[in-house]
>>> print(open('upload-v8.txt').read())   # compact mmCIF, C-alpha atoms
# COMPACT_ATOMS: atom_id res chain seq x y z
CA MET S 772 0.00 0.00 0.00
CA MET S 773 2.89 2.28 0.79
CA CYS S 774 4.57 1.47 -2.57
CA LEU S 775 1.37 2.20 -4.51
CA ALA S 776 0.87 5.37 -2.56
CA THR S 777 4.44 6.43 -3.33
CA VAL S 778 3.98 5.86 -7.07
CA ALA S 779 0.69 7.65 -7.00
CA ASP S 780 2.22 10.54 -5.09
CA SER S 781 5.18 10.78 -7.57
CA PRO S 782 4.00 11.63 -11.10
CA GLU S 783 7.60 11.65 -12.45
CA LEU S 784 8.23 8.07 -11.33
CA ALA S 785 4.95 6.93 -12.81
CA ALA S 786 5.84 8.60 -16.15
CA GLN S 787 9.26 6.92 -16.22
CA ILE S 788 7.71 3.51 -15.54
CA ASN S 789 5.16 4.04 -18.33
CA GLU S 790 7.96 5.11 -20.69
CA ASN S 791 9.99 1.98 -19.91
CA ILE S 792 6.97 -0.21 -20.49
CA GLU S 793 6.37 1.49 -23.84
CA ASN S 794 10.05 1.01 -24.85
CA VAL S 795 9.92 -2.70 -23.98
CA THR S 796 6.65 -3.04 -25.86
CA GLN S 797 8.12 -1.32 -28.94
CA GLN S 798 11.24 -3.52 -28.80
CA ILE S 799 9.12 -6.65 -28.67
CA SER S 800 7.04 -5.35 -31.56
CA ARG S 801 10.17 -4.64 -33.67
CA THR S 802 11.60 -8.09 -32.88
CA GLN S 803 8.33 -9.70 -33.85
CA GLU S 804 8.30 -7.64 -37.03
CA TYR S 805 11.86 -8.77 -37.94
CA ILE S 806 10.94 -12.39 -37.24
CA ASP S 807 7.79 -12.14 -39.34
CA LYS S 808 9.71 -10.43 -42.13
CA TYR S 809 13.01 -12.37 -42.33
CA LEU S 810 12.34 -15.79 -40.80
CA PRO S 811 10.38 -17.07 -43.81
CA VAL S 812 13.17 -15.80 -46.09
CA ALA S 813 15.85 -17.50 -43.97
CA ILE S 814 13.88 -20.74 -43.85
CA SER S 815 13.29 -20.59 -47.60
CA PHE S 816 16.99 -19.93 -48.32
CA GLY S 817 18.05 -22.69 -45.93
CA LEU S 818 15.72 -25.17 -47.60
CA ARG S 819 16.98 -24.16 -51.05
CA LEU S 820 20.58 -24.45 -49.87
CA LEU S 821 19.91 -27.91 -48.42
CA LEU S 822 18.18 -28.94 -51.64
CA THR S 823 21.14 -27.57 -53.64
CA ILE S 824 23.60 -29.66 -51.60
CA ILE S 825 21.48 -32.78 -52.10
CA LEU S 826 21.20 -32.09 -55.84
CA PHE S 827 24.98 -31.54 -56.06
CA ILE S 828 25.61 -34.91 -54.43
CA VAL S 829 23.10 -36.61 -56.72
CA GLY S 830 24.50 -34.76 -59.76
CA SER S 831 28.05 -35.83 -58.86
CA ARG S 832 26.93 -39.46 -58.73
CA LEU S 833 25.18 -39.11 -62.09
CA ILE S 834 28.31 -37.54 -63.61
CA LYS S 835 30.35 -40.53 -62.45
CA VAL S 836 27.80 -42.88 -64.03
CA VAL S 837 27.88 -40.94 -67.33
CA ARG S 838 31.70 -40.95 -67.35
CA LYS S 839 31.75 -44.69 -66.69
CA ILE S 840 29.28 -45.35 -69.53
CA VAL S 841 31.31 -43.20 -71.95
CA ARG S 842 34.58 -44.90 -70.95
CA ARG S 843 33.11 -48.38 -71.41
CA SER S 844 31.59 -47.52 -74.77
CA MET S 845 34.91 -46.08 -75.98
CA GLU S 846 36.79 -49.14 -74.70
CA ARG S 847 34.38 -51.41 -76.59
CA THR S 848 35.08 -49.49 -79.81
CA GLY S 849 38.83 -50.00 -79.30
CA ALA S 850 39.69 -46.34 -78.74
CA ASP S 851 43.22 -45.48 -77.63
CA MET S 852 43.64 -45.19 -73.85
CA GLY S 853 45.00 -41.66 -74.19
CA VAL S 854 41.86 -40.58 -76.09
CA ILE S 855 39.69 -42.21 -73.42
CA GLN S 856 41.50 -40.40 -70.60
CA PHE S 857 41.42 -37.06 -72.44
CA MET S 858 37.70 -37.30 -73.23
CA ASP S 859 36.96 -38.42 -69.69
CA SER S 860 38.61 -35.34 -68.17
CA LEU S 861 36.91 -33.07 -70.75
CA ILE S 862 33.44 -34.56 -70.08
CA LYS S 863 34.01 -34.25 -66.33
CA LEU S 864 34.86 -30.55 -66.65
CA LEU S 865 31.88 -29.75 -68.89
CA LEU S 866 29.33 -31.70 -66.82
CA TYR S 867 30.45 -30.14 -63.55
CA PHE S 868 30.26 -26.69 -65.14
CA LEU S 869 26.69 -27.35 -66.29
CA LEU S 870 25.76 -28.76 -62.88
CA ILE S 871 27.10 -25.72 -61.04
CA MET S 872 25.31 -23.31 -63.39
CA PHE S 873 22.05 -25.25 -62.94
CA LEU S 874 22.35 -25.19 -59.14
CA ALA S 875 23.31 -21.51 -59.12
CA ASP S 876 20.16 -20.73 -61.08
CA GLY S 877 18.17 -22.75 -58.55
CA ILE S 878 19.31 -20.65 -55.58
CA GLY S 879 18.55 -17.40 -57.37
CA VAL S 880 21.83 -16.45 -59.05
CA ASP S 881 21.25 -14.72 -62.38
CA THR S 882 23.15 -17.11 -64.65
CA THR S 883 22.46 -14.95 -67.70
CA SER S 884 24.40 -12.10 -66.14
CA VAL S 885 27.15 -14.51 -65.12
CA MET S 886 27.47 -15.87 -68.66
CA ALA S 887 27.46 -12.34 -70.09
CA LEU S 888 30.19 -11.37 -67.64
CA VAL S 889 32.24 -14.44 -68.56
CA GLY S 890 31.77 -13.68 -72.25
CA SER S 891 32.83 -10.04 -71.90
CA ALA S 892 35.83 -11.09 -69.84
CA GLY S 893 36.79 -13.83 -72.32
CA LEU S 894 39.88 -12.03 -73.58
CA THR S 895 41.15 -11.38 -70.07
CA ILE S 896 40.50 -14.99 -69.05
CA GLY S 897 42.21 -16.21 -72.19
CA LEU S 898 45.32 -14.13 -71.47
CA ALA S 899 45.35 -15.24 -67.83
CA PHE S 900 45.04 -18.91 -68.73
CA GLN S 901 47.01 -18.91 -71.97
CA GLY S 902 49.36 -21.55 -70.50
CA SER S 903 46.43 -23.85 -69.73
CA LEU S 904 44.90 -23.22 -73.17
CA SER S 905 48.25 -24.05 -74.74
CA ASN S 906 48.37 -27.29 -72.75
CA PHE S 907 44.82 -28.14 -73.84
CA ALA S 908 45.71 -27.52 -77.49
CA GLY S 909 48.88 -29.57 -76.99
CA GLY S 910 46.80 -32.46 -75.64
CA VAL S 911 44.51 -32.35 -78.67
CA LEU S 912 47.58 -32.25 -80.96
CA ILE S 913 49.13 -35.27 -79.20
CA LEU S 914 45.92 -37.26 -79.65
CA LEU S 915 45.65 -36.31 -83.34
CA ILE S 916 49.28 -36.84 -84.38
CA LYS S 917 49.92 -39.69 -81.90
CA PRO S 918 53.69 -39.33 -81.35
CA PHE S 919 53.11 -41.64 -78.39
CA LYS S 920 50.27 -43.39 -76.61
CA VAL S 921 49.54 -44.68 -73.12
CA GLY S 922 51.93 -47.53 -72.35
CA ASP S 923 54.81 -46.20 -74.49
CA TYR S 924 58.22 -45.45 -72.98
CA ILE S 925 59.35 -41.99 -74.08
CA ILE S 926 62.41 -39.80 -73.54
CA TYR S 927 61.70 -36.06 -73.29
CA THR S 928 65.06 -34.79 -74.54
CA SER S 929 64.62 -31.10 -73.66
CA GLY S 930 63.90 -31.81 -70.00
CA ASN S 931 66.14 -34.88 -69.69
CA LEU S 932 63.13 -36.87 -68.49
CA GLU S 933 61.97 -40.34 -69.45
CA GLY S 934 59.42 -42.90 -68.37
CA LYS S 935 56.36 -44.95 -69.25
CA VAL S 936 53.27 -42.94 -70.25
CA THR S 937 50.39 -43.73 -67.88
CA LYS S 938 47.97 -40.83 -68.51
CA ILE S 939 47.24 -38.29 -71.24
CA GLU S 940 44.79 -35.80 -69.72
CA MET S 941 43.45 -32.40 -70.76
CA PHE S 942 46.45 -30.38 -69.62
CA TYR S 943 49.16 -32.80 -68.51
CA THR S 944 50.79 -36.11 -69.44
CA THR S 945 51.96 -38.37 -66.62
CA LEU S 946 55.02 -40.61 -66.82
CA PHE S 947 56.43 -43.14 -64.38
CA THR S 948 60.20 -43.61 -64.44
CA ILE S 949 61.98 -46.94 -64.17
CA ASP S 950 62.44 -46.36 -60.40
CA ASN S 951 58.70 -45.54 -60.07
CA LYS S 952 58.91 -41.75 -59.83
CA LYS S 953 55.89 -39.83 -61.07
CA VAL S 954 56.69 -37.18 -63.71
CA VAL S 955 54.01 -34.71 -64.83
CA ILE S 956 54.75 -32.76 -68.04
CA PRO S 957 52.50 -30.04 -69.58
CA ASN S 958 51.01 -31.11 -72.91
CA GLY S 959 51.97 -27.82 -74.54
CA THR S 960 55.63 -28.42 -73.71
CA LEU S 961 55.54 -32.01 -74.99
CA SER S 962 53.81 -31.12 -78.26
CA ASN S 963 56.39 -28.41 -79.04
CA SER S 964 59.54 -30.32 -78.08
CA SER S 965 61.62 -33.19 -79.39
CA LEU S 966 61.04 -36.57 -77.82
CA ILE S 967 62.06 -40.17 -78.41
CA ASN S 968 59.45 -42.91 -78.40
CA VAL S 969 61.53 -45.88 -77.33
CA THR S 970 58.74 -48.47 -77.56
CA ALA S 971 57.12 -47.35 -80.82
CA GLU S 972 58.32 -50.64 -82.31
CA ASP S 973 58.01 -54.12 -80.86
CA LYS S 974 61.76 -54.74 -80.61
CA ARG S 975 64.87 -52.77 -79.64
CA ARG S 976 68.56 -53.18 -80.30
CA ILE S 977 70.99 -53.41 -77.40
CA ASP S 978 74.41 -51.85 -78.07
CA ILE S 979 77.16 -52.64 -75.57
CA THR S 980 80.73 -51.37 -76.04
CA VAL S 981 83.49 -53.21 -74.18
CA GLY S 982 87.24 -52.76 -74.50
CA VAL S 983 89.82 -55.56 -74.57
CA SER S 984 93.55 -55.33 -74.29
CA TYR S 985 95.72 -55.13 -77.43
CA THR S 986 97.48 -58.26 -76.23
CA ALA S 987 94.20 -60.21 -75.82
CA ASN S 988 93.03 -62.88 -78.26
CA LEU S 989 90.59 -60.82 -80.33
CA LYS S 990 89.00 -63.77 -82.10
CA LEU S 991 88.40 -65.53 -78.79
CA ALA S 992 86.83 -62.38 -77.34
CA LYS S 993 84.42 -62.13 -80.28
CA GLU S 994 83.59 -65.83 -80.07
CA VAL S 995 82.85 -65.58 -76.33
CA CYS S 996 80.47 -62.66 -76.94
CA LEU S 997 78.69 -64.45 -79.82
CA ASN S 998 78.22 -67.55 -77.65
CA LEU S 999 76.71 -65.39 -74.91
CA LEU S 1000 74.23 -63.88 -77.39
CA ALA S 1001 73.28 -67.32 -78.68
CA ALA S 1002 72.68 -68.61 -75.14
CA GLN S 1003 70.64 -65.62 -73.96
CA PRO S 1004 66.91 -66.57 -74.02
CA ALA S 1005 65.61 -63.00 -74.51
CA VAL S 1006 67.81 -62.31 -77.54
CA LEU S 1007 65.92 -62.67 -80.84
CA GLN S 1008 68.00 -65.16 -82.78
CA ASP S 1009 66.36 -64.44 -86.15
CA GLN S 1010 67.75 -60.88 -86.16
CA ASN S 1011 71.13 -59.55 -87.25
CA ASN S 1012 73.00 -59.95 -83.96
CA MET S 1013 76.71 -59.27 -84.25
CA VAL S 1014 80.01 -58.53 -82.52
CA VAL S 1015 82.33 -56.15 -84.40
CA VAL S 1016 85.49 -54.13 -83.78
CA ASP S 1017 84.16 -50.62 -83.29
CA ASP S 1018 87.33 -48.66 -82.52
CA LEU S 1019 91.08 -48.96 -82.00
CA ALA S 1020 91.35 -46.70 -78.97
CA ASP S 1021 94.44 -45.46 -77.15
CA SER S 1022 94.56 -48.31 -74.63
CA SER S 1023 92.00 -50.86 -75.86
CA VAL S 1024 90.35 -52.51 -78.83
CA ASN S 1025 86.68 -51.65 -78.47
CA LEU S 1026 84.20 -54.35 -79.36
CA LYS S 1027 80.58 -53.46 -80.05
CA ILE S 1028 78.02 -56.13 -79.16
CA CYS S 1029 74.68 -55.63 -80.94
CA CYS S 1030 71.59 -57.77 -80.43
CA TRP S 1031 67.82 -57.44 -80.76
CA VAL S 1032 65.29 -58.06 -77.98
CA SER S 1033 61.62 -57.35 -77.30
CA ALA S 1034 61.06 -53.80 -76.06
CA GLU S 1035 59.95 -54.96 -72.61
CA ASP S 1036 63.12 -57.11 -72.20
CA TYR S 1037 65.57 -54.32 -73.05
CA TRP S 1038 66.86 -53.24 -69.65
CA SER S 1039 66.90 -56.64 -67.94
CA THR S 1040 68.73 -58.25 -70.88
CA ARG S 1041 71.23 -55.39 -71.18
CA TRP S 1042 72.17 -55.53 -67.49
CA GLU S 1043 72.42 -59.33 -67.56
CA LEU S 1044 74.62 -59.34 -70.66
CA ILE S 1045 77.05 -56.78 -69.21
CA GLU S 1046 77.54 -58.95 -66.13
CA LYS S 1047 77.94 -62.17 -68.16
CA ILE S 1048 80.49 -60.55 -70.50
CA LYS S 1049 82.69 -59.55 -67.56
CA LEU S 1050 82.49 -63.03 -65.99
CA ALA S 1051 83.13 -64.80 -69.32
CA PHE S 1052 86.15 -62.61 -70.09
CA ASP S 1053 87.56 -63.39 -66.63
CA GLU S 1054 87.11 -67.15 -67.20
CA ASN S 1055 88.88 -66.99 -70.59
CA GLY S 1056 91.70 -64.73 -69.46
CA ILE S 1057 90.63 -61.81 -71.63
CA GLU S 1058 91.82 -58.57 -70.09
CA ILE S 1059 89.57 -55.50 -69.97
CA PRO S 1060 92.02 -52.57 -69.69
CA PHE S 1061 91.38 -49.80 -67.19
CA ASN S 1062 93.09 -46.53 -66.42
CA GLN S 1063 96.20 -46.87 -64.25
CA LEU S 1064 98.38 -44.26 -62.60
CA ASP S 1065 102.11 -44.75 -62.06
CA VAL S 1066 103.62 -42.63 -59.28
CA ASN S 1067 107.43 -42.12 -59.25
CA LEU S 1068 109.03 -40.71 -56.10
CA LYS S 1069 112.23 -38.70 -56.52
CA GLN S 1070 114.64 -38.27 -53.60
>>> encode(input="upload-v8.txt", output="structure tokens")
Amino acid sequence: MMCLATVADSPELAAQINENIENVTQQISRTQEYIDKYLPVAISFGLRLLLTIILFIVGSRLIKVVRKIVRRSMERTGADMGVIQFMDSLIKLLLYFLLIMFLADGIGVDTTSVMALVGSAGLTIGLAFQGSLSNFAGGVLILLIKPFKVGDYIIYTSGNLEGKVTKIEMFYTTLFTIDNKKVVIPNGTLSNSSLINVTAEDKRRIDITVGVSYTANLKLAKEVCLNLLAAQPAVLQDQNNMVVVDDLADSSVNLKICCWVSAEDYWSTRWELIEKIKLAFDENGIEIPFNQLDVNLKQ
């Protein structure tokens, strides 16, 4: 009763309380207004965003299915593996671009304006990505001219790189070296440089040069080498395999051993022959000269 009497007796306090109540009421009204105005928009955007994510996942699965169907159909027609890999990466890029543009249109992005902007900025984009465009053109050129294909062993002379081709994609070609290192080379660089396709043919010739002493029995040395070639299983006996005197050097008579093998047997046969030549020369007393240094001490 005393509190009510005090409020009643103090008009200023009563006015302040009424003002505070009005402020709270207005704040509640504004909050309710914001909720009524923006909550449906937020809910609508959230639902569209969730739907977009679901559609992206579904679209990604469909793109994988389409790529798999295209790959299988190209494999059935006997297309080159490099062409299959190149087309696969191209289809993947195009389908994902279309999927993103479709989803962007679904969440309210004006794709017409985006495409117009991309078109007007085409020159700038082309200059910025001229290296990538050059690599793309190089990939197309490689597939058309076919200086090599997937599975070939090539030597990129300009970069002193070599290996087996495992992938020919839109922008890069992947090699694996003999010691299983991965080498990635831009297609533009490969298409504009000299290279050696080691396995373009089914067979390769092994050339081994070995020196024998001037005092050694030259005929025996040649006979030993010819016998080794005849006994080597990987050497193709129907080819022109030979052992000839290649050079009369300063300290040795250099013999050149030439034989033909299948491309896949090249390295293993070469290494095996080098070892067998050394062991056979040792057994037959044929000296392989090596550099020696005589030191004379003067008192």
>>> residues_near_point(input="upload-v8.txt", point="(86.5, -56.2, -71.7)", cutoff="9 Å", atoms="only C-alpha atoms", output="compact mmCIF listing (two decimals) with C-alpha atoms, in the frame of the given file")
# COMPACT_ATOMS: atom_id res chain seq x y z
CA THR S 980 80.73 -51.37 -76.04
CA VAL S 981 83.49 -53.21 -74.18
CA GLY S 982 87.24 -52.76 -74.50
CA VAL S 983 89.82 -55.56 -74.57
CA SER S 984 93.55 -55.33 -74.29
CA ALA S 992 86.83 -62.38 -77.34
CA SER S 1023 92.00 -50.86 -75.86
CA VAL S 1024 90.35 -52.51 -78.83
CA ASN S 1025 86.68 -51.65 -78.47
CA LEU S 1026 84.20 -54.35 -79.36
CA ILE S 1048 80.49 -60.55 -70.50
CA LYS S 1049 82.69 -59.55 -67.56
CA PHE S 1052 86.15 -62.61 -70.09
CA ASP S 1053 87.56 -63.39 -66.63
CA ILE S 1057 90.63 -61.81 -71.63
CA GLU S 1058 91.82 -58.57 -70.09
CA ILE S 1059 89.57 -55.50 -69.97
CA PRO S 1060 92.02 -52.57 -69.69
>>> residues_near_point(input="upload-v8.txt", point="(56.8, -50.8, -73.0)", cutoff="9 Å", atoms="all atoms listed in the file", output="list in words")
Gly922, Asp923, Tyr924, Lys935, Val969, Thr970, Ala971, Asp973, Ala1034, Glu1035 and Asp1036 of chain S
>>> closest_residue(input="upload-v8.txt", among="S:Ile979, S:Ala1005, S:Met941, S:Ile834", to="S:Ser860", atoms="all atoms listed in the file")
S:Met941
>>> atom_distance(input="upload-v8.txt", atom1="atom CA of S:Met872", atom2="atom CA of S:Met845")
27.7 Å
>>> closest_residue(input="upload-v8.txt", among="S:Ala813, S:Met1013, S:Val955, S:Ile1028", to="S:Ile939", atoms="only C-alpha atoms")
S:Val955
>>> closest_residue(input="upload-v8.txt", among="S:Phe868, S:Phe816, S:Trp1038, S:Tyr927", to="S:Thr944", atoms="only C-alpha atoms")
S:Tyr927
>>> atom_distance(input="upload-v8.txt", atom1="atom CA of S:Gly830", atom2="atom CA of S:Ile814")
23.7 Å
>>> atom_distance(input="upload-v8.txt", atom1="atom CA of S:Phe827", atom2="atom CA of S:Ser844")
25.5 Å
>>> residues_around(input="upload-v8.txt", residues="S:Val911", least_positions_apart="4", cutoff="9 Å", atoms="only C-alpha atoms", output="ChimeraX atom specification")
/S:857,906-907,915-916,941,958
